[in-house]
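Asks: Structure file query_31.cif (mmCIF, C-alpha atoms and all ligand atoms) right here:
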data_start
#
loop_
_atom_site.label_atom_id
_atom_site.label_comp_id
_atom_site.auth_asym_id
_atom_site.auth_seq_id
_atom_site.Cartn_x
_atom_site.Cartn_y
_atom_site.Cartn_z
CA MET A 1 -5.81 -7.21 5.49
CA ARG A 2 -6.95 -9.05 8.57
CA SER A 3 -10.36 -10.67 8.79
CA PHE A 4 -12.70 -9.56 11.55
CA ALA A 5 -15.60 -11.17 13.43
CA CYS A 6 -18.59 -9.33 14.90
CA GLY A 7 -18.08 -8.99 18.67
CA HIS A 8 -21.80 -9.64 19.17
CA CYS A 9 -22.67 -12.60 16.91
CA ASP A 10 -19.21 -13.78 15.76
CA GLN A 11 -20.08 -13.60 12.04
CA LEU A 12 -17.59 -12.28 9.48
CA VAL A 13 -17.44 -8.48 9.19
CA PHE A 14 -15.25 -6.49 6.84
CA PHE A 15 -12.77 -3.67 7.41
CA GLU A 16 -15.14 -1.17 5.72
CA ASN A 17 -18.31 -2.16 7.65
CA PHE A 18 -20.34 0.29 9.78
CA VAL A 19 -22.70 -2.46 10.90
CA CYS A 20 -22.78 -6.26 11.13
CA LEU A 21 -24.90 -7.44 8.20
CA HIS A 22 -25.95 -10.50 10.22
CA CYS A 23 -27.13 -9.07 13.57
CA GLY A 24 -27.23 -5.32 12.90
CA THR A 25 -24.80 -4.35 15.71
CA PRO A 26 -22.93 -1.14 14.79
CA GLN A 27 -19.21 -1.66 14.12
CA GLY A 28 -16.24 0.70 14.17
CA PHE A 29 -12.50 0.35 13.60
CA VAL A 30 -10.27 1.20 16.57
CA PRO A 31 -6.80 2.02 15.21
CA GLU A 32 -5.05 1.69 18.59
CA ARG A 33 -6.10 -1.97 18.67
CA LEU A 34 -6.11 -2.51 14.89
CA ALA A 35 -9.52 -4.12 15.42
CA LEU A 36 -13.07 -3.74 14.19
CA VAL A 37 -15.22 -3.73 17.34
CA ALA A 38 -18.95 -4.08 18.02
CA LEU A 39 -20.11 -0.74 19.44
CA GLU A 40 -21.92 -2.04 22.53
CA GLY A 41 -21.09 -2.25 26.24
CA ASP A 42 -17.92 -0.23 27.03
CA GLU A 43 -17.27 0.31 23.32
CA ALA A 44 -20.55 2.22 22.95
CA ALA A 45 -18.75 5.19 24.57
CA LEU A 46 -16.46 5.56 21.53
CA HIS A 47 -17.30 8.22 18.93
CA ARG A 48 -17.29 7.99 15.18
CA CYS A 49 -14.69 10.02 13.27
CA VAL A 50 -16.09 13.41 12.25
CA ASN A 51 -15.53 12.33 8.60
CA ALA A 52 -17.92 9.36 9.01
CA ASP A 53 -20.30 10.77 6.39
CA THR A 54 -18.04 12.81 4.10
CA ALA A 55 -15.29 10.17 3.78
CA HIS A 56 -17.39 7.07 4.66
CA CYS A 57 -14.91 6.63 7.50
CA ASN A 58 -15.73 3.90 10.06
CA TRP A 59 -12.75 4.62 12.33
CA MET A 60 -13.37 5.51 15.98
CA VAL A 61 -12.08 8.26 18.28
CA ASP A 62 -12.40 8.72 22.02
CA ARG A 63 -13.87 12.25 21.94
CA VAL A 64 -16.68 13.87 20.03
CA ASP A 65 -16.08 15.90 16.82
CA ALA A 66 -12.52 14.64 16.28
CA LEU A 67 -10.75 13.29 13.21
CA CYS A 68 -9.52 9.71 13.39
CA ARG A 69 -5.89 8.62 13.15
CA CYS A 70 -6.18 8.25 9.36
CA CYS A 71 -8.33 11.28 8.44
CA ALA A 72 -6.10 13.53 10.60
CA LEU A 73 -3.26 12.91 8.13
CA THR A 74 -5.17 14.73 5.37
CA ARG A 75 -4.13 18.40 5.25
CA THR A 76 -6.06 19.54 2.18
CA ARG A 77 -9.24 18.28 0.54
CA PRO A 78 -11.72 19.62 -2.01
CA SER A 79 -14.13 22.34 -0.94
CA PRO A 80 -17.54 21.02 0.19
CA ASP A 81 -19.30 22.58 -2.84
CA ASP A 82 -17.11 20.57 -5.26
CA LEU A 83 -19.49 17.59 -5.34
CA GLU A 84 -17.46 15.52 -7.80
CA GLY A 85 -14.27 16.26 -5.89
CA MET A 86 -15.89 15.21 -2.61
CA GLN A 87 -16.98 11.88 -4.10
CA GLU A 88 -13.45 11.24 -5.33
CA PHE A 89 -12.13 12.32 -1.92
CA ALA A 90 -14.25 9.62 -0.21
CA LEU A 91 -12.86 6.96 -2.58
CA ALA A 92 -9.29 8.12 -1.99
CA GLU A 93 -9.79 8.12 1.80
CA ALA A 94 -11.08 4.53 1.61
CA ALA A 95 -7.86 3.44 -0.12
CA LYS A 96 -5.84 5.51 2.36
CA ARG A 97 -7.46 3.79 5.38
CA ARG A 98 -6.40 0.43 3.98
CA VAL A 99 -2.80 1.50 3.51
CA VAL A 100 -2.60 3.33 6.87
CA PHE A 101 -3.90 0.16 8.54
CA GLN A 102 -1.03 -1.72 6.88
CA LEU A 103 1.60 0.83 7.96
CA LEU A 104 0.39 0.60 11.57
CA ASP A 105 0.20 -3.19 11.34
CA LEU A 106 3.82 -3.35 10.09
CA GLY A 107 4.88 -1.00 12.91
CA LEU A 108 6.35 1.61 10.53
CA PRO A 109 7.41 4.92 12.10
CA ASP A 110 6.16 8.51 11.71
CA VAL A 111 2.55 7.77 10.70
CA ASP A 112 1.40 10.95 12.42
CA PRO A 113 0.28 14.39 11.18
CA ASP A 114 3.48 16.10 12.39
CA ARG A 115 5.49 14.12 9.85
CA LEU A 116 3.17 12.69 7.19
CA ARG A 117 0.44 14.73 5.48
CA PHE A 118 -1.77 14.23 2.45
CA ASP A 119 -3.07 16.86 0.05
CA LEU A 120 -6.02 15.23 -1.76
CA LEU A 121 -6.67 17.65 -4.61
CA SER A 122 -9.28 17.79 -7.31
CA SER A 123 -7.76 18.47 -10.74
CA THR A 124 -11.02 19.66 -12.33
CA ALA A 125 -10.00 23.34 -11.92
CA GLU A 126 -6.20 23.15 -12.26
CA PRO A 127 -3.64 20.46 -12.98
CA VAL A 128 -2.43 18.39 -9.99
CA THR A 129 0.74 16.31 -9.99
CA THR A 130 0.74 13.24 -7.78
CA GLY A 131 3.98 13.14 -5.82
CA HIS A 132 5.84 13.41 -2.52
CA ALA A 133 7.90 16.28 -1.10
CA ASP A 134 9.05 16.84 2.49
CA GLY A 135 6.50 14.54 4.10
CA VAL A 136 3.57 15.80 2.03
CA ILE A 137 1.94 13.36 -0.38
CA THR A 138 -0.13 15.00 -3.11
CA ILE A 139 -2.79 12.91 -4.81
CA ASP A 140 -4.70 13.83 -7.97
CA LEU A 141 -8.23 12.83 -6.97
CA ALA A 142 -9.23 12.38 -10.63
CA GLU A 143 -7.26 9.11 -10.35
CA SER A 144 -10.14 7.68 -8.29
CA ASP A 145 -12.33 7.94 -11.42
CA ASP A 146 -12.17 4.45 -12.96
CA ALA A 147 -12.66 5.52 -16.59
CA ARG A 148 -10.02 8.23 -16.44
CA ARG A 149 -7.50 6.06 -14.60
CA GLU A 150 -8.00 3.21 -17.08
CA ARG A 151 -7.38 5.65 -19.97
CA ARG A 152 -4.15 6.86 -18.35
CA ARG A 153 -3.11 3.27 -17.69
CA ARG A 154 -3.44 2.42 -21.40
CA GLU A 155 -1.73 5.64 -22.53
CA LEU A 156 1.24 4.86 -20.31
CA GLY A 157 1.27 1.14 -21.16
CA GLU A 158 1.05 0.12 -17.50
CA PRO A 159 -0.29 -3.33 -16.53
CA TYR A 160 -1.70 -2.04 -13.22
CA ARG A 161 -2.90 1.32 -11.93
CA THR A 162 -4.98 1.87 -8.77
CA MET A 163 -5.42 4.53 -6.09
CA LEU A 164 -4.03 2.05 -3.55
CA GLY A 165 -0.98 1.59 -5.79
CA HIS A 166 -0.43 5.38 -6.04
CA LEU A 167 -0.57 5.72 -2.26
CA ARG A 168 1.86 2.86 -1.73
CA HIS A 169 4.29 4.30 -4.30
CA GLU A 170 4.30 7.80 -2.77
CA LEU A 171 4.67 6.31 0.72
CA GLY A 172 7.76 4.56 -0.65
CA HIS A 173 9.33 7.99 -1.19
CA PHE A 174 8.26 9.07 2.32
CA PHE A 175 9.73 6.00 3.99
CA GLN A 176 13.00 5.57 2.05
CA PRO A 177 15.08 7.97 4.19
CA ARG A 178 13.39 6.59 7.33
CA LEU A 179 14.01 2.93 6.52
CA VAL A 180 17.48 3.13 4.98
CA ALA A 181 18.96 3.72 8.37
CA ASP A 182 22.71 4.38 8.07
CA ASP A 183 25.66 4.77 5.68
CA LEU A 184 26.11 1.04 5.33
CA ALA A 185 22.43 0.60 4.42
CA TRP A 186 22.69 3.42 1.87
CA GLU A 187 25.71 1.69 0.31
CA ARG A 188 23.68 -1.49 -0.06
CA CYS A 189 20.72 0.50 -1.33
CA ARG A 190 22.84 2.16 -4.04
CA ALA A 191 24.34 -1.18 -5.08
CA LEU A 192 20.80 -2.50 -5.66
CA PHE A 193 18.85 0.52 -6.93
CA GLY A 194 21.61 2.83 -8.25
CA ASP A 195 22.84 6.18 -6.94
CA GLU A 196 19.87 8.34 -5.92
CA ARG A 197 22.07 11.48 -6.10
CA GLU A 198 21.80 11.27 -9.91
CA ASP A 199 20.11 14.42 -11.38
CA TYR A 200 16.37 13.77 -11.09
CA GLN A 201 15.17 16.38 -13.58
CA ALA A 202 17.54 15.10 -16.27
CA ALA A 203 16.40 11.53 -15.57
CA LEU A 204 12.76 12.59 -15.83
CA GLU A 205 13.29 14.29 -19.20
CA ARG A 206 15.28 11.32 -20.50
CA HIS A 207 12.53 8.91 -19.39
CA TYR A 208 9.80 10.75 -21.29
CA GLU A 209 11.96 11.26 -24.40
CA ASP A 210 13.32 7.70 -24.71
CA ALA A 211 11.25 4.69 -23.73
CA ALA A 212 12.41 2.42 -20.90
CA PRO A 213 15.28 0.08 -21.93
CA ALA A 214 13.97 -2.94 -23.87
CA ASP A 215 15.28 -5.41 -21.28
CA TRP A 216 13.82 -3.56 -18.26
CA GLU A 217 11.87 -6.60 -17.07
CA GLU A 218 15.15 -8.40 -16.33
CA ARG A 219 16.11 -5.79 -13.71
CA PHE A 220 13.08 -3.71 -12.74
CA VAL A 221 9.60 -4.35 -11.38
CA SER A 222 8.05 -1.80 -13.79
CA ALA A 223 9.05 0.40 -16.73
CA TYR A 224 8.59 3.49 -14.53
CA ALA A 225 11.12 2.10 -12.04
CA THR A 226 13.85 2.52 -14.70
CA MET A 227 13.51 6.32 -14.54
CA HIS A 228 15.59 7.09 -11.44
CA PRO A 229 16.84 5.14 -8.37
CA TRP A 230 14.24 6.96 -6.23
CA GLU A 231 11.44 5.69 -8.47
CA ASP A 232 12.89 2.19 -8.48
CA TRP A 233 12.78 2.13 -4.66
CA ALA A 234 9.22 3.57 -4.59
CA GLU A 235 7.93 1.05 -7.14
CA THR A 236 9.64 -1.80 -5.28
CA PHE A 237 8.28 -0.60 -1.92
CA ALA A 238 4.74 -0.44 -3.38
CA HIS A 239 5.10 -4.02 -4.64
CA TYR A 240 6.34 -5.11 -1.26
CA LEU A 241 3.19 -3.68 0.37
CA HIS A 242 1.00 -5.35 -2.30
CA ILE A 243 2.64 -8.70 -1.56
CA ARG A 244 2.46 -8.39 2.23
CA ASP A 245 -1.21 -7.30 2.19
CA THR A 246 -2.34 -9.99 -0.25
CA LEU A 247 -0.45 -12.73 1.62
CA GLN A 248 -1.97 -11.58 4.90
CA THR A 249 -5.49 -11.63 3.42
CA ALA A 250 -4.97 -15.11 1.96
CA ALA A 251 -3.64 -16.38 5.28
CA GLU A 252 -6.52 -14.86 7.27
CA TYR A 253 -9.03 -16.60 5.02
CA GLY A 254 -7.12 -19.89 5.12
CA VAL A 255 -6.43 -19.85 1.37
CA THR A 256 -3.92 -22.54 0.47
CA VAL A 257 -2.75 -23.72 -2.94
CA HIS A 258 -1.93 -27.42 -3.36
CA GLY A 259 -1.78 -27.65 -7.12
CA PRO A 260 -1.64 -27.92 -10.02
CA ARG A 261 1.09 -30.52 -10.18
CA ALA A 262 3.00 -28.56 -12.81
CA VAL A 263 3.57 -25.86 -10.20
CA MET A 264 3.79 -27.86 -7.01
CA ARG A 265 6.18 -30.43 -8.43
CA ASP A 266 8.83 -27.96 -7.41
CA ARG A 267 8.89 -28.81 -3.72
CA SER A 268 10.53 -25.53 -2.83
CA LEU A 269 7.19 -23.78 -3.36
CA LYS A 270 5.12 -23.76 -0.21
CA ALA A 271 1.62 -22.55 -0.83
CA SER A 272 0.12 -21.97 2.57
CA PRO A 273 0.50 -18.32 3.46
CA GLN A 274 1.25 -18.01 7.14
CA THR A 275 -0.34 -15.53 9.48
CA GLY A 276 1.69 -12.72 11.03
CA ALA A 277 4.70 -12.86 8.72
CA GLY A 278 6.93 -12.00 11.71
CA GLN A 279 10.59 -12.56 11.03
CA ARG A 280 10.19 -14.81 8.01
CA SER A 281 12.74 -14.18 5.29
CA PHE A 282 11.60 -12.72 2.01
CA ALA A 283 12.54 -16.01 0.32
CA GLU A 284 9.96 -17.76 2.52
CA LEU A 285 7.30 -15.17 1.71
CA LEU A 286 8.07 -15.66 -1.97
CA GLU A 287 7.54 -19.41 -1.65
CA ASN A 288 4.02 -18.59 -0.54
CA TRP A 289 3.53 -15.75 -2.96
CA LEU A 290 4.35 -17.32 -6.32
CA PRO A 291 1.88 -20.27 -6.24
CA LEU A 292 -0.77 -17.97 -4.81
CA THR A 293 -0.37 -15.52 -7.72
CA TYR A 294 -0.51 -18.33 -10.30
CA ALA A 295 -3.77 -19.53 -8.75
CA LEU A 296 -5.34 -16.08 -8.32
CA ASN A 297 -4.41 -15.02 -11.86
CA ALA A 298 -6.04 -18.21 -13.19
CA VAL A 299 -9.16 -17.54 -11.09
CA ASN A 300 -9.41 -13.97 -12.40
CA ARG A 301 -9.12 -15.20 -16.01
CA SER A 302 -12.05 -17.55 -15.34
CA MET A 303 -14.12 -14.47 -14.55
CA GLY A 304 -12.89 -12.64 -17.65
CA ARG A 305 -10.85 -10.23 -15.54
CA ASP A 306 -7.27 -9.11 -15.97
CA ASP A 307 -4.59 -10.90 -13.96
CA LEU A 308 -4.65 -10.01 -10.28
CA TYR A 309 -0.85 -9.75 -10.27
CA PRO A 310 0.32 -8.96 -13.82
CA PHE A 311 4.05 -8.92 -13.03
CA THR A 312 7.06 -11.16 -13.17
CA LEU A 313 9.77 -10.91 -10.53
CA ALA A 314 13.27 -11.29 -12.00
CA ALA A 315 16.14 -12.22 -9.66
CA PRO A 316 17.48 -8.62 -9.29
CA VAL A 317 13.94 -7.46 -8.41
CA ILE A 318 13.71 -10.18 -5.74
CA ASP A 319 17.02 -8.92 -4.29
CA LYS A 320 15.57 -5.40 -4.09
CA LEU A 321 12.36 -6.67 -2.46
CA SER A 322 14.45 -8.63 0.07
CA PHE A 323 16.31 -5.47 1.00
CA VAL A 324 13.02 -3.56 1.48
CA HIS A 325 11.78 -6.46 3.62
CA GLU A 326 14.88 -6.27 5.83
CA CYS A 327 14.47 -2.49 6.24
CA VAL A 328 10.75 -2.82 7.10
CA LEU A 329 11.36 -5.59 9.65
CA ALA A 330 14.12 -3.56 11.32
CA ALA A 331 11.88 -0.47 11.56
CA GLY A 332 8.96 -2.56 12.86
CA ASP A 333 11.20 -4.13 15.52
CA ALA A 334 12.51 -0.72 16.59
CA SER A 335 8.99 0.67 17.02
CA SER A 336 7.76 -2.37 18.99
CA ASP A 337 10.63 -2.25 21.53
CA PRO A 338 9.52 -1.32 25.05
CA PRO A 339 10.29 2.42 25.59
CA GLU A 340 13.03 1.79 28.21
CA SER A 341 15.13 -0.22 25.73
CA ARG A 342 15.14 2.45 23.01
ZN ZN A 401 -23.11 -9.45 14.34
ZN ZN A 402 -11.72 9.11 9.85
ZN ZN A 403 7.56 8.41 -7.49
#
Take the structure I supplied and represent it as structure tokens, if you would.
Ligand SMILES: [Zn+2]
Ligand SMILES: [Zn+2]
Ligand SMILES: [Zn+2]

Replies:
Amino acid sequence: MRSFACGHCDQLVFFENFVCLHCGTPQGFVPERLALVALEGDEAALHRCVNADTAHCNWMVDRVDALCRCCALTRTRPSPDDLEGMQEFALAEAAKRRVVFQLLDLGLPDVDPDRLRFDLLSSTAEPVTTGHADGVITIDLAESDDARRERRRRELGEPYRTMLGHLRHELGHFFQPRLVADDLAWERCRALFGDEREDYQAALERHYEDAAPADWEERFVSAYATMHPWEDWAETFAHYLHIRDTLQTAAEYGVTVHGPRAVMRDRSLKASPQTGAGQRSFAELLENWLPLTYALNAVNRSMGRDDLYPFTLAAPVIDKLSFVHECVLAAGDASSDPPESR
């Protein structure tokens, strides 16, 4: 995430803010500019998204009573009299705004309601399965309940489970056919992740009957990624977005890691995340990422919290992440070309 400054007083304001806590000037996020702006002068003519109250949405639109760029992607939500569902809906929309910001920031294609839709469903009345099909991402809103999600996390033996993580995983499914651009790319994809034409239902049943292979950490980013090549891509894509977002945040705040010596002795590790990752190779991002994760995990432990990044990245996983990086950069370049050169 980028850092933002109040357009009125220049103090730090956050992506979620409706108002500058220093000077009181109202703030709103303008997706076309990927900027949080002070709503004064010309900007005072902008309108808040119609979901400002129900989804705590601080995104702006240019006409009254309209949904913003992010809220417009939601096709289904709980009914207004489902109070618990509506609270969970607001939490899910907050996570969704963060990830939609990132998709726009990376220049990824098809982030519009004709192609990408979200069904945010409450599972209090009937079971909901989180998943993706034909451009529709279904989210079980009960996953925004911390106690329930933590229980599921322990049942499934996962080191990490968040709403943001669910969204990034399902978006991985959405983007795979869009980012793996041609036959040659699919060949490379299959060499890394396996053949996605493998029977999914059989793989699913096998996964829940037998545990993941004992040595999964040597080849996969998570146990769930072992289930089917589609899931391996989606888990890897989600990790890629975690890494890019966290590196961007660290860079925006000027976080650099110069020690400890035991880590930095290896001169190949650079620890100053750079802004605007641009065309840097994944290997360069990784040189920033690893020391940062060591430091942030140690900081979290000092506060009695779980590790911020409870994962290890084996060499085959790094190869998969590099491939995702290449695909994302290519798609971002294509969408930032001037129209006449397309
Ligand atoms: Zn201010
Ligand atoms: Zn909105
Ligand atoms: Zn999946």

Asks: Quick one: of A:Glu40, A:Asp307, A:Glu93, A:Glu198, who's nearest to ligand ZN 402 (chain A), counting only C-alpha atoms and all ligand atoms?

Replies: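 Once distances to ligand ZN 402 (chain A) are computed over only C-alpha atoms and all ligand atoms, the minimum belongs to A:Glu93.
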
Asks: Using all atoms listed in the file, what are the residues with an atom within 9 Å of ligand ZN 402 (chain A), set out as a PyMOL selection string?

Replies: chain A and resi 48-52+55-61+66-72+93+97

Asks: May I have the residues within 8 Å of ligand ZN 401 (chain A), computed using all atoms listed in the file, as JSON, numbers by chain?

Replies: {"A": [5, 6, 7, 8, 9, 10, 11, 12, 13, 19, 20, 21, 22, 23, 24, 25, 38]}

Asks: Given only C-alpha atoms and all ligand atoms as the basis, pick out the residue of A:Pro260, A:Gly131, A:Gly157, A:Pro109 nearest to ligand ZN 403 (chain A).

Replies: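 Ranking A:Pro260, A:Gly131, A:Gly157, A:Pro109 by distance to ligand ZN 403 (chain A), first place goes to A:Gly131.
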
Asks: Which residues of chain A sit at most 10 Å from ligand ZN 403 (chain A), using only C-alpha atoms and all ligand atoms? Give each one's shortest atom pair and distance in Å (one decimal place), in chain and ascending residue order, as a Markdown table.

Replies:
| residue | atom | partner | partner_atom | distance |
| --- | --- | --- | --- | --- |
| A:Thr130 | CA | A:ZN403 | ZN | 8.4 |
| A:Gly131 | CA | A:ZN403 | ZN | 6.2 |
| A:His132 | CA | A:ZN403 | ZN | 7.3 |
| A:His166 | CA | A:ZN403 | ZN | 8.7 |
| A:Arg168 | CA | A:ZN403 | ZN | 9.8 |
| A:His169 | CA | A:ZN403 | ZN | 6.1 |
| A:Glu170 | CA | A:ZN403 | ZN | 5.8 |
| A:Leu171 | CA | A:ZN403 | ZN | 9.0 |
| A:Gly172 | CA | A:ZN403 | ZN | 7.9 |
| A:His173 | CA | A:ZN403 | ZN | 6.6 |
| A:Phe174 | CA | A:ZN403 | ZN | 9.9 |
| A:Tyr224 | CA | A:ZN403 | ZN | 8.7 |
| A:Ala225 | CA | A:ZN403 | ZN | 8.6 |
| A:Met227 | CA | A:ZN403 | ZN | 9.5 |
| A:His228 | CA | A:ZN403 | ZN | 9.0 |
| A:Pro229 | CA | A:ZN403 | ZN | 9.9 |
| A:Trp230 | CA | A:ZN403 | ZN | 7.0 |
| A:Glu231 | CA | A:ZN403 | ZN | 4.8 |
| A:Asp232 | CA | A:ZN403 | ZN | 8.3 |
| A:Trp233 | CA | A:ZN403 | ZN | 8.6 |
| A:Ala234 | CA | A:ZN403 | ZN | 5.9 |
| A:Glu235 | CA | A:ZN403 | ZN | 7.4 |

Asks: Just to confirm, what's the straight-line distance from atom CA of A:Val128 to atom CA of A:Asp140 in Å (one decimal)?

Replies: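 Interatomic distance here is 5.5 Å.
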
Asks: For atom CA of A:Ala314 and atom CA of A:Glu218, quote the distance in Å rounded to one decimal.

Replies: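 If I compute the distance from atom CA of A:Ala314 to atom CA of A:Glu218, I get 5.5 Å.
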
Asks: Report, in Å with one decimal, the straight-line distance from atom CA of A:Leu104 to atom CA of A:Ser222.

Replies: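 Going from atom CA of A:Leu104 over to atom CA of A:Ser222 covers 26.6 Å.
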
Asks: If we count only C-alpha atoms, what is near A:Arg2 at a cut-off of 7 Å, once residues fewer than 3 positions away on the same chain are taken out, given as a ChimeraX atom specification?

Replies: /A:248-249,252

Asks: Emit the selected residues as an mmCIF file, in the frame of the given file, including C-alpha atoms.

Replies:
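Below is the file that was written, out.cif:
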data_model
loop_
_atom_site.group_PDB
_atom_site.id
_atom_site.type_symbol
_atom_site.label_atom_id
_atom_site.label_comp_id
_atom_site.auth_asym_id
_atom_site.auth_seq_id
_atom_site.Cartn_x
_atom_site.Cartn_y
_atom_site.Cartn_z
ATOM 1 C CA GLN A 248 -1.970 -11.580 4.900
ATOM 2 C CA THR A 249 -5.490 -11.630 3.420
ATOM 3 C CA GLU A 252 -6.520 -14.860 7.270
#

Asks: Neighbours of stretch 188-190 of chain A within 9 Å (only C-alpha atoms; same-chain residues fewer than 5 positions away dropped), as a ChimeraX atom specification?

Replies: /A:180,183,195-196,229,233,320,323

Asks: Just the residues within 6 Å of A:Leu179, please, counting only C-alpha atoms, with nothing from its chain fewer than 3 positions along; format it as a PyMOL selection string.

Replies: chain A and resi 175-176+327
